[in-house]
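final26.txt (compact mmCIF, C-alpha atoms and all ligand atoms)
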# COMPACT_ATOMS: atom_id res chain seq x y z
CA MET A 227 133.67 103.19 181.08
CA THR A 228 135.47 106.49 181.48
CA SER A 229 139.08 107.60 181.72
CA VAL A 230 140.95 109.73 184.23
CA LEU A 231 144.39 111.32 183.90
CA PHE A 232 146.08 112.99 186.88
CA VAL A 233 148.64 115.66 186.03
CA CYS A 234 151.45 117.26 188.05
CA LEU A 235 154.87 118.63 187.13
CA GLY A 236 157.30 115.74 187.60
CA ASN A 237 154.93 112.73 187.77
CA ILE A 238 156.94 111.38 190.70
CA CYS A 239 155.09 112.87 193.71
CA ARG A 240 151.54 114.20 193.51
CA SER A 241 149.98 112.64 190.42
CA PRO A 242 151.25 109.07 191.04
CA ALA A 243 149.84 109.39 194.58
CA ALA A 244 146.50 110.52 193.14
CA GLU A 245 146.61 107.63 190.66
CA GLY A 246 147.32 105.15 193.48
CA MET A 247 144.58 106.44 195.78
CA PHE A 248 142.00 106.77 193.00
CA THR A 249 142.80 103.28 191.69
CA LYS A 250 142.03 101.81 195.11
CA LEU A 251 138.66 103.61 195.24
CA ALA A 252 137.89 102.52 191.66
CA LYS A 253 138.65 98.89 192.55
CA ASP A 254 136.35 99.13 195.57
CA LYS A 255 133.59 100.48 193.30
CA GLY A 256 134.01 97.55 190.89
CA TRP A 257 135.23 99.82 188.10
CA LEU A 258 138.25 97.58 187.50
CA SER A 259 136.50 94.24 187.35
CA GLY A 260 137.77 93.31 183.90
CA VAL A 261 134.68 94.37 181.93
CA ASN A 262 134.48 97.89 180.46
CA ASP A 263 137.12 99.04 182.93
CA ILE A 264 137.88 102.63 183.82
CA VAL A 265 141.26 103.79 182.46
CA ILE A 266 143.49 105.53 185.02
CA ASP A 267 146.92 107.09 184.49
CA SER A 268 149.13 109.95 185.62
CA VAL A 269 151.64 112.18 183.84
CA GLY A 270 153.92 115.15 184.32
CA THR A 271 153.99 118.31 182.23
CA GLY A 272 157.80 118.16 182.60
CA GLY A 273 159.88 115.32 181.21
CA TRP A 274 162.76 115.09 183.73
CA HIS A 275 161.56 111.89 185.40
CA VAL A 276 160.24 109.89 182.46
CA GLY A 277 160.64 106.16 183.15
CA LYS A 278 161.44 106.74 186.84
CA ALA A 279 159.64 105.27 189.85
CA PRO A 280 157.86 107.68 192.20
CA ASP A 281 160.01 109.68 194.62
CA GLN A 282 161.02 107.42 197.52
CA ARG A 283 159.59 109.88 200.06
CA MET A 284 156.20 109.70 198.37
CA GLN A 285 156.40 105.91 198.07
CA ASP A 286 157.07 105.78 201.83
CA ALA A 287 154.28 108.22 202.73
CA MET A 288 151.84 106.26 200.55
CA SER A 289 153.03 102.94 201.97
CA THR A 290 152.27 104.17 205.50
CA ARG A 291 148.68 104.74 204.33
CA GLY A 292 148.47 101.29 202.75
CA PHE A 293 149.14 102.12 199.10
CA ASP A 294 151.88 100.60 196.95
CA ILE A 295 152.85 102.83 194.03
CA SER A 296 156.33 101.35 193.46
CA HIS A 297 155.32 99.90 190.06
CA LEU A 298 154.36 103.28 188.55
CA ARG A 299 156.76 104.98 186.11
CA GLY A 300 157.02 108.60 185.04
CA ARG A 301 155.46 109.67 181.76
CA GLU A 302 155.26 113.10 180.13
CA PHE A 303 151.92 114.55 178.99
CA SER A 304 151.36 113.93 175.29
CA HIS A 305 148.97 115.66 172.87
CA SER A 306 147.26 112.30 172.31
CA ASP A 307 146.16 112.40 175.97
CA PHE A 308 143.53 115.00 175.05
CA ASP A 309 141.76 112.34 172.99
CA ARG A 310 142.58 109.38 175.20
CA PHE A 311 141.23 110.79 178.50
CA GLU A 312 137.81 112.15 179.35
CA HIS A 313 138.88 113.66 182.70
CA ILE A 314 142.19 115.56 182.80
CA ILE A 315 142.82 116.55 186.39
CA ALA A 316 145.64 118.92 187.37
CA MET A 317 147.24 119.15 190.81
CA ASP A 318 147.73 122.92 190.64
CA VAL A 319 147.00 126.04 188.64
CA SER A 320 150.46 126.07 187.10
CA ASN A 321 150.09 122.60 185.62
CA GLN A 322 146.52 123.33 184.57
CA ALA A 323 147.97 126.29 182.63
CA ASN A 324 150.69 124.07 181.13
CA ILE A 325 148.01 121.74 179.76
CA GLU A 326 145.89 124.65 178.58
CA ARG A 327 148.84 126.08 176.62
CA MET A 328 149.23 122.76 174.79
CA ALA A 329 145.54 122.35 174.08
CA PRO A 330 144.31 122.64 170.50
CA PRO A 331 141.16 124.81 170.11
CA THR A 332 138.84 121.81 170.41
CA HIS A 333 140.30 120.89 173.80
CA LYS A 334 140.56 124.31 175.48
CA GLY A 335 139.33 124.30 179.07
CA ARG A 336 139.66 120.53 179.47
CA ALA A 337 141.99 120.48 182.49
CA ARG A 338 140.18 120.76 185.83
CA LEU A 339 141.83 121.22 189.23
CA LEU A 340 141.78 118.25 191.61
CA LEU A 341 140.74 120.40 194.56
CA SER A 342 137.74 121.76 192.64
CA TYR A 343 136.18 118.35 193.31
CA VAL A 344 136.25 119.01 197.07
CA GLU A 345 133.05 120.73 198.17
CA GLY A 346 133.56 123.88 200.21
CA LEU A 347 137.32 124.08 199.75
CA SER A 348 138.66 127.33 198.32
CA GLN A 349 142.28 126.15 198.06
CA THR A 350 143.25 125.62 194.41
CA ASP A 351 146.62 123.89 194.61
CA VAL A 352 147.98 120.66 196.01
CA PRO A 353 151.36 122.17 196.98
CA ASP A 354 154.44 120.71 195.35
CA PRO A 355 156.15 118.65 198.09
CA TYR A 356 159.37 117.96 196.14
CA TYR A 357 161.61 120.58 197.76
CA GLY A 358 160.01 120.50 201.24
CA GLY A 359 160.06 118.27 204.32
CA ALA A 360 158.06 115.23 205.40
CA ASP A 361 155.12 117.37 206.58
CA GLY A 362 154.60 118.50 203.02
CA PHE A 363 154.02 114.94 201.87
CA GLU A 364 151.42 114.31 204.57
CA GLN A 365 149.51 117.52 203.81
CA CYS A 366 149.72 116.72 200.13
CA LEU A 367 148.22 113.25 200.70
CA ASP A 368 145.41 114.61 202.88
CA LEU A 369 144.41 116.95 200.05
CA ILE A 370 144.77 114.29 197.37
CA GLU A 371 142.65 111.87 199.41
CA ALA A 372 139.84 114.42 199.59
CA GLY A 373 140.25 115.28 195.91
CA VAL A 374 140.08 111.75 194.54
CA ALA A 375 137.03 110.98 196.72
CA GLY A 376 135.37 113.98 195.03
CA VAL A 377 136.33 112.66 191.60
CA VAL A 378 134.65 109.32 192.40
CA LYS A 379 131.47 111.16 193.47
CA ASP A 380 131.52 113.22 190.29
CA ILE A 381 131.83 110.14 188.08
CA GLU A 382 129.05 108.40 189.97
CA LYS A 383 126.76 111.38 189.31
CA SER A 384 127.36 111.35 185.56
P1 LIG A 401 155.45 116.44 191.35
O1 LIG A 401 156.73 117.02 192.15
O2 LIG A 401 155.11 117.45 190.30
O3 LIG A 401 154.41 116.34 192.41
O4 LIG A 401 155.88 115.10 190.78
C1 LIG A 401 157.90 117.40 191.49
C2 LIG A 401 158.85 116.46 191.19
C3 LIG A 401 160.02 116.85 190.56
C4 LIG A 401 160.22 118.16 190.22
C5 LIG A 401 159.26 119.11 190.51
C6 LIG A 401 158.09 118.72 191.14
N1 LIG A 401 161.43 118.56 189.61
O5 LIG A 401 161.61 119.76 189.39
O6 LIG A 401 162.26 117.71 189.28
Would you kindly transcribe this structure into structure tokens?
Amino acid sequence: MTSVLFVCLGNICRSPAAEGMFTKLAKDKGWLSGVNDIVIDSVGTGGWHVGKAPDQRMQDAMSTRGFDISHLRGREFSHSDFDRFEHIIAMDVSNQANIERMAPPTHKGRARLLLSYVEGLSQTDVPDPYYGGADGFEQCLDLIEAGVAGVVKDIEKS
């Protein structure tokens, strides 16, 4: 079908949450029925947490909303992801720029911001919750929820 890659910095907070929420919506749409399935993944532009489970605070915040992301493991963005994924979706401008810097000429401009999928929202970044308190995780998930719903709408249109 198509392929979607969510990108943040550490791949232990925002992008695994986006992957978890988007995967649920994709299942509900029948896009993961076993035939011509959508491919969904998340990565970090930094490599500190490769192989690690999502941050416990994010696992807990997601669990409260009914999502289990405990099985996900950190992965670092790779050049091959430009070819492997049709939609490369960054959580903030900084990570969008990180991807852009790595992009070969044929892939310039590929990374789009998650919040650009939310109609009428001028905010560009899903703030990094890593160094903040519990509120940060909730705000982050509210934004991600709106963003991934917009991604579903966009895919349905195309
Ligand atoms: P994320 O949050 O990009 O949403 O996964 C972060 C996780 C870890 C770090 C930074 C951001 N870190 O610097 O280790």
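Of the listed residues (A:Lys255, A:Lys250, A:His275, A:Arg338), A:Lys255 comes nearest to Lys379 of chain A; the distances count all atoms listed in the file.
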**Study point:** Surrounding residues as number ranges by chain, ligand LIG 401 (chain A), max 12 Å, all atoms listed in the file
**Key:** A: 232-245, 268-276, 278-285, 299-302, 316-322, 351-358, 362-363, 366-367, 370
Point to revise | Within 12 Å of file point (140.3, 112.6, 202.6), counting all atoms listed in the file, expressed as a ChimeraX atom specification | key: /A:244,247-248,251,291,341,343-345,364-377
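Comparing the minimum interatomic distances between Met328 of chain A and each of A:Ser306, A:Ser348, A:Phe293, A:Ser259, counting only C-alpha atoms, we find that A:Ser306 sits nearest.
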Revision key, fill the gap. Correct to one decimal, the distance atom CA of Phe308 of chain A-atom CA of Leu347 of chain A is 27.0 Å
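The space between atom CA of Arg310 of chain A and atom CA of Gly335 of chain A spans 15.8 Å.
Taking atom CA of Glu312 of chain A and atom CA of Ile295 of chain A as the two end points, the separation is 23.0 Å.
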Check your understanding: Of the candidates A:Ser296, A:Ser304, A:Asn262, A:Ser289, which shows the shortest atom-to-atom distance to Leu231 of chain A, using all atoms listed in the file?
Key -> A:Ser304
Using the structure block above, produce a file of segment 349-380 of chain A that contains N, CA and C atoms, as a PDB file, in the first residue's frame.
ATOM      1  N   GLN A 349       1.134  25.854  14.900  1.00  0.00           N
ATOM      2  CA  GLN A 349       2.272  25.290  15.650  1.00  0.00           C
ATOM      3  C   GLN A 349       3.034  24.299  14.760  1.00  0.00           C
ATOM      4  N   THR A 350       4.361  24.386  14.785  1.00  0.00           N
ATOM      5  CA  THR A 350       5.156  23.506  13.915  1.00  0.00           C
ATOM      6  C   THR A 350       5.672  22.271  14.645  1.00  0.00           C
ATOM      7  N   ASP A 351       5.974  22.445  15.949  1.00  0.00           N
ATOM      8  CA  ASP A 351       6.694  21.381  16.658  1.00  0.00           C
ATOM      9  C   ASP A 351       5.846  20.642  17.687  1.00  0.00           C
ATOM     10  N   VAL A 352       5.995  19.332  17.731  1.00  0.00           N
ATOM     11  CA  VAL A 352       5.571  18.562  18.902  1.00  0.00           C
ATOM     12  C   VAL A 352       6.740  18.705  19.881  1.00  0.00           C
ATOM     13  N   PRO A 353       6.547  19.422  21.003  1.00  0.00           N
ATOM     14  CA  PRO A 353       7.695  19.705  21.878  1.00  0.00           C
ATOM     15  C   PRO A 353       8.306  18.422  22.441  1.00  0.00           C
ATOM     16  N   ASP A 354       9.612  18.459  22.597  1.00  0.00           N
ATOM     17  CA  ASP A 354      10.341  17.314  23.137  1.00  0.00           C
ATOM     18  C   ASP A 354      10.006  17.175  24.629  1.00  0.00           C
ATOM     19  N   PRO A 355       9.385  16.071  25.047  1.00  0.00           N
ATOM     20  CA  PRO A 355       8.967  15.944  26.442  1.00  0.00           C
ATOM     21  C   PRO A 355      10.047  15.375  27.362  1.00  0.00           C
ATOM     22  N   TYR A 356      11.188  14.994  26.800  1.00  0.00           N
ATOM     23  CA  TYR A 356      12.170  14.163  27.512  1.00  0.00           C
ATOM     24  C   TYR A 356      12.647  14.780  28.821  1.00  0.00           C
ATOM     25  N   TYR A 357      12.913  16.097  28.793  1.00  0.00           N
ATOM     26  CA  TYR A 357      13.478  16.735  29.990  1.00  0.00           C
ATOM     27  C   TYR A 357      12.412  17.446  30.845  1.00  0.00           C
ATOM     28  N   GLY A 358      11.135  17.293  30.485  1.00  0.00           N
ATOM     29  CA  GLY A 358      10.078  18.001  31.211  1.00  0.00           C
ATOM     30  C   GLY A 358       9.294  17.092  32.146  1.00  0.00           C
ATOM     31  N   GLY A 359       8.152  17.611  32.625  1.00  0.00           N
ATOM     32  CA  GLY A 359       7.317  16.860  33.556  1.00  0.00           C
ATOM     33  C   GLY A 359       6.213  16.092  32.857  1.00  0.00           C
ATOM     34  N   ALA A 360       5.298  15.536  33.661  1.00  0.00           N
ATOM     35  CA  ALA A 360       4.232  14.683  33.135  1.00  0.00           C
ATOM     36  C   ALA A 360       3.301  15.437  32.191  1.00  0.00           C
ATOM     37  N   ASP A 361       3.073  16.730  32.467  1.00  0.00           N
ATOM     38  CA  ASP A 361       2.213  17.544  31.598  1.00  0.00           C
ATOM     39  C   ASP A 361       2.679  17.527  30.163  1.00  0.00           C
ATOM     40  N   GLY A 362       4.000  17.570  30.021  1.00  0.00           N
ATOM     41  CA  GLY A 362       4.612  17.596  28.687  1.00  0.00           C
ATOM     42  C   GLY A 362       4.220  16.372  27.882  1.00  0.00           C
ATOM     43  N   PHE A 363       4.135  15.236  28.533  1.00  0.00           N
ATOM     44  CA  PHE A 363       3.777  14.003  27.828  1.00  0.00           C
ATOM     45  C   PHE A 363       2.325  14.053  27.361  1.00  0.00           C
ATOM     46  N   GLU A 364       1.455  14.591  28.207  1.00  0.00           N
ATOM     47  CA  GLU A 364       0.041  14.679  27.837  1.00  0.00           C
ATOM     48  C   GLU A 364      -0.165  15.635  26.658  1.00  0.00           C
ATOM     49  N   GLN A 365       0.489  16.809  26.739  1.00  0.00           N
ATOM     50  CA  GLN A 365       0.361  17.777  25.632  1.00  0.00           C
ATOM     51  C   GLN A 365       0.899  17.188  24.334  1.00  0.00           C
ATOM     52  N   CYS A 366       2.021  16.510  24.482  1.00  0.00           N
ATOM     53  CA  CYS A 366       2.663  15.852  23.352  1.00  0.00           C
ATOM     54  C   CYS A 366       1.692  14.849  22.709  1.00  0.00           C
ATOM     55  N   LEU A 367       1.021  14.058  23.521  1.00  0.00           N
ATOM     56  CA  LEU A 367       0.110  13.036  22.982  1.00  0.00           C
ATOM     57  C   LEU A 367      -1.139  13.654  22.365  1.00  0.00           C
ATOM     58  N   ASP A 368      -1.606  14.773  22.918  1.00  0.00           N
ATOM     59  CA  ASP A 368      -2.752  15.456  22.299  1.00  0.00           C
ATOM     60  C   ASP A 368      -2.389  15.905  20.878  1.00  0.00           C
ATOM     61  N   LEU A 369      -1.192  16.472  20.742  1.00  0.00           N
ATOM     62  CA  LEU A 369      -0.749  16.943  19.423  1.00  0.00           C
ATOM     63  C   LEU A 369      -0.533  15.772  18.461  1.00  0.00           C
ATOM     64  N   ILE A 370       0.089  14.718  18.960  1.00  0.00           N
ATOM     65  CA  ILE A 370       0.368  13.554  18.106  1.00  0.00           C
ATOM     66  C   ILE A 370      -0.943  12.909  17.642  1.00  0.00           C
ATOM     67  N   GLU A 371      -1.918  12.864  18.548  1.00  0.00           N
ATOM     68  CA  GLU A 371      -3.220  12.277  18.196  1.00  0.00           C
ATOM     69  C   GLU A 371      -3.856  13.048  17.027  1.00  0.00           C
ATOM     70  N   ALA A 372      -3.801  14.375  17.116  1.00  0.00           N
ATOM     71  CA  ALA A 372      -4.352  15.199  16.035  1.00  0.00           C
ATOM     72  C   ALA A 372      -3.537  15.008  14.752  1.00  0.00           C
ATOM     73  N   GLY A 373      -2.234  14.939  14.904  1.00  0.00           N
ATOM     74  CA  GLY A 373      -1.345  14.798  13.737  1.00  0.00           C
ATOM     75  C   GLY A 373      -1.574  13.497  12.992  1.00  0.00           C
ATOM     76  N   VAL A 374      -1.613  12.385  13.711  1.00  0.00           N
ATOM     77  CA  VAL A 374      -1.751  11.097  13.016  1.00  0.00           C
ATOM     78  C   VAL A 374      -3.140  10.951  12.377  1.00  0.00           C
ATOM     79  N   ALA A 375      -4.157  11.582  12.986  1.00  0.00           N
ATOM     80  CA  ALA A 375      -5.486  11.564  12.360  1.00  0.00           C
ATOM     81  C   ALA A 375      -5.417  12.299  11.018  1.00  0.00           C
ATOM     82  N   GLY A 376      -4.645  13.385  10.979  1.00  0.00           N
ATOM     83  CA  GLY A 376      -4.459  14.127   9.730  1.00  0.00           C
ATOM     84  C   GLY A 376      -3.709  13.319   8.686  1.00  0.00           C
ATOM     85  N   VAL A 377      -2.746  12.516   9.138  1.00  0.00           N
ATOM     86  CA  VAL A 377      -1.991  11.667   8.205  1.00  0.00           C
ATOM     87  C   VAL A 377      -2.937  10.637   7.570  1.00  0.00           C
ATOM     88  N   VAL A 378      -3.812  10.049   8.378  1.00  0.00           N
ATOM     89  CA  VAL A 378      -4.779   9.073   7.853  1.00  0.00           C
ATOM     90  C   VAL A 378      -5.645   9.739   6.771  1.00  0.00           C
ATOM     91  N   LYS A 379      -6.141  10.925   7.068  1.00  0.00           N
ATOM     92  CA  LYS A 379      -6.985  11.663   6.100  1.00  0.00           C
ATOM     93  C   LYS A 379      -6.236  11.906   4.808  1.00  0.00           C
ATOM     94  N   ASP A 380      -4.967  12.293   4.948  1.00  0.00           N
ATOM     95  CA  ASP A 380      -4.141  12.593   3.769  1.00  0.00           C
ATOM     96  C   ASP A 380      -3.952  11.357   2.896  1.00  0.00           C
TER      97      ASP A 380
END
